[in-house]
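Report on the following structure.
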Amino acid sequence: MRLAALLFLVFVWCMPVHALAEIPHLQAHGTTKQLVVDGKPFLILGGELANSTASSLDYLNTKWPTLTSVGLNTVIAPVEWDQIEPQQGTYDFTVLDGLIKQARQNDVKLVLLWFGVWKNSMSTYVPAWVKRDYTTYAKAQDDKGQPQDILSPFDPDTLAADARAFSAVMTHLKQVDTAHTVVMVQVENEIGMLPVVRDYSPQAQAAWNGPVPSELIAYLKAHQATLDSYVRTLWQANGFKDSGTWAEVFGESIQAQEVFQAWYFATFANGLAKAGKAQYPLPMYVNAALIRPGKTPGQYPSAGPLPHLFGIWKPGAPDIDILAIDMYFPNFMEWADKFKRPDNPFFIPEANQAGKPEAGANAFYVIGQLDSISFSPFSIDNIKPESSGNLTGAYDVLKQLTPQILAVQGTGKMRGFRPRVSFDGVVDETPQTFTLGGYKFTVSFVDPWTPKDKQDIGSNGGLIIQTGDNRFIVAGKGVVVTFEDAAPDKRVVGIEQIVEGRYVDGVWRPGRWLNGDESHQGRNLKLNADGFGIQQLTLYKFR
């Protein structure tokens, strides 16, 4: 017995660390990546707190009834550098520990936002000892030499100080969060330069007049065929040079200066992520503030991790796992589609205000169409009961469907849909079509049996999951779905069966059979607009 016990201990000691206590990580699944928590894929149905909510544990504690009533499984919460390191080298984890404790008590996971050097471009969350010592921690300057309340990414002292604090946070998490309550970490927040395209401080000017780093040139050459047009056009206009100053390689235009600034933002963020991961390698991401129509770099936060700069951010920040979208504009789908790429899993930590009527449809779209790791509207703690029903209903259905969703992510067996909306808020009512499992589906967002002025068409949407050769799960609200044969011989398609119901603990509980009036005598599937629901659909083909 003693020998057997000894052999068991040797076996355990020799096991990889992740086999004993696997930390949250990203893992390939088909053509995408999933977040894995405690050995299982995890879908974040979350909400981001307002900026200051988590800075007071007493205040945060009053918000949990609201948070849990929505049905979320994850809270996205800021952690402030100024609270963590009030005096240089002295760390206070009281608020962080309390946040983790409250999350565990309420059975939710956490994604932490590191409000370090930058938050919404500005440096408002750095400690007082950094703010006041502007000779050591240089401020960015505009083109007239005027210092801004933005720390310069070109100052190595700033990166070193931020990295020490961030490393301390990750070290502490590794020690105290053995239950893996924290599953991801955001590095900084909405990085971008304002009110001009780039930093003009002395250190920035020296970098501008210096050589383009060889690692960027190597990346550009290796990815020349697939490089984003924004970066490729600038490089091509200057003859695809493989050495020289930034102006020689990319030119001196405002676009070229944005590329320059983006590289140094990216390498700063990467230095931070690398330092943190050395202590505790949780998945890490940065988030992007988007561009209003007609705005130029500096009028929007210049040089952040935006789609047109992925060709700079990807080589500049290889230790950042995801470039994520913060979405506050009506043209949700237009922007969301740009962030899903083979080298960039889709992740959305901020999706407009939580009480917006389109929140549920947006959740279904990104999860169903873009294989999103998450959906998370902002200011979730301030959602009002009278406006929470849409999101609560969506999360209820998505939670039921989570096993089915995770099983098919990255396999091409799922589609998401909602009406397209312009930046000006104009809803495109055009039906959408797609092919899935040998069938052509047409989804209409307008109920032909209800007066249009009684319908909120922009809040309708859903998803379809193929579960067998002729079997599908259809979920959402406010849609009418029709079917055709996608094969060249074009047989007639009929509805074998439609059953509404719920999943309870992963088991389907059927409700009404809807083969009569509810399916217009076998012509379509309809999900009513008064709430999110699930229907199982079986089709068949005949001549």
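Labels for the structure tokens follow display order: chains A, B, ..., residues from 1 in each chain, ligands from 1.
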Range 298-369 of chain A residues near range 384-406 of chain A within 6 Å, closest pair each, using only C-alpha atoms, as a tab-separated table:
```
residue	atom	partner	partner_atom	distance
A:Gly355	CA	A:Ser387	CA	5.1
A:Ala359	CA	A:Leu391	CA	6.0
A:Gly360	CA	A:Leu391	CA	5.0
```
One decimal, Å: what's the distance from CA of Leu45 in chain A over to CA of Lys101 in chain A, could you say? 19.8 Å
Between CA of Glu48 in chain A and CA of Gln87 in chain A, what is the distance, to one decimal in Å? 28.1 Å
For Lys63 in chain A, list every protein, DNA or RNA residue within 10 Å, evaluated using only C-alpha atoms, and leave out those in the same chain fewer than 6 positions away; present the list as a PyMOL selection string. chain A and resi 49+53-54+380-382
Could you pull out the strand (DSSP E) residues of range 339-538 of chain A from DSSP and send them as a VMD selection string? chain A and resid 350 to 351 374 to 375 414 to 417 420 to 421 427 to 428 432 to 436 439 to 444 461 to 466 471 to 477 479 to 485 492 to 504 507 to 513 525 to 527 533 to 538
Do you know which residues are at most 8 Å from Val480 in chain A counting only C-alpha atoms, after dropping those on the same chain fewer than 6 positions away, and could you put them as JSON, numbers by chain? {"A": [443, 444, 445, 446, 447, 524, 525, 526, 527]}
Could you tell me, as number ranges by chain, which residues of range 293-463 of chain A DSSP assigns to alpha helix (DSSP H) when given the backbone? A: 310-316, 332-339, 359-370, 389-408
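Proximity of A:Glu85, A:Glu358, A:Asp242, A:Asp162 to Pro213 in chain A, computed with only C-alpha atoms, is greatest for A:Asp242.
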Determine, counting only C-alpha atoms, which protein, DNA and RNA residues have an atom within 9 Å of an atom of Arg471 in chain A; residues of the same chain fewer than 5 positions away are not included. Present the result as a ChimeraX atom specification. /A:437,465-466,536-539
If you count only C-alpha atoms, which residues fall within 9 Å of range 324-341 of chain A, apart from same-chain ones fewer than 2 positions away, as number ranges by chain? A: 32, 190, 285-290, 292, 305-308, 322, 343-353, 362, 365-366, 370-372, 377, 418-426
Leaving out Thr74 in chain A and any residue of its chain fewer than 3 positions from it, which residues lie within 10 Å of it when counting only C-alpha atoms, given as a ChimeraX atom specification? /A:43-48,67-68,71,77,103,107-111,181-183,374-376
Counting only C-alpha atoms, the residue among A:Phe434, A:Gln535, A:Ser519, A:Pro86 that lies closest to Arg502 in chain A is A:Gln535
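Residue nearest Ile100 in chain A, chosen from A:Thr467, A:Gln257, A:Thr178, A:Asn51 and counting only C-alpha atoms: A:Thr178.
Of the listed residues (A:Arg512, A:Lys490, A:Lys454, A:Lys440), A:Lys454 comes nearest to Asp530 in chain A; the distances count only C-alpha atoms.
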Point out the residue among A:Pro127, A:Gly416, A:Ile473, A:Asn238 with the least atom-to-atom distance to Trp508 in chain A, counting only C-alpha atoms. A:Ile473
For CA of Asp92 in chain A and CA of Gly271 in chain A, quote the distance in Å rounded to one decimal. 22.9 Å
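Distances here use only C-alpha atoms; by that measure, the residue among A:Ala407, A:Leu282, A:Ile457, A:Val95 closest to Leu57 in chain A is A:Val95.
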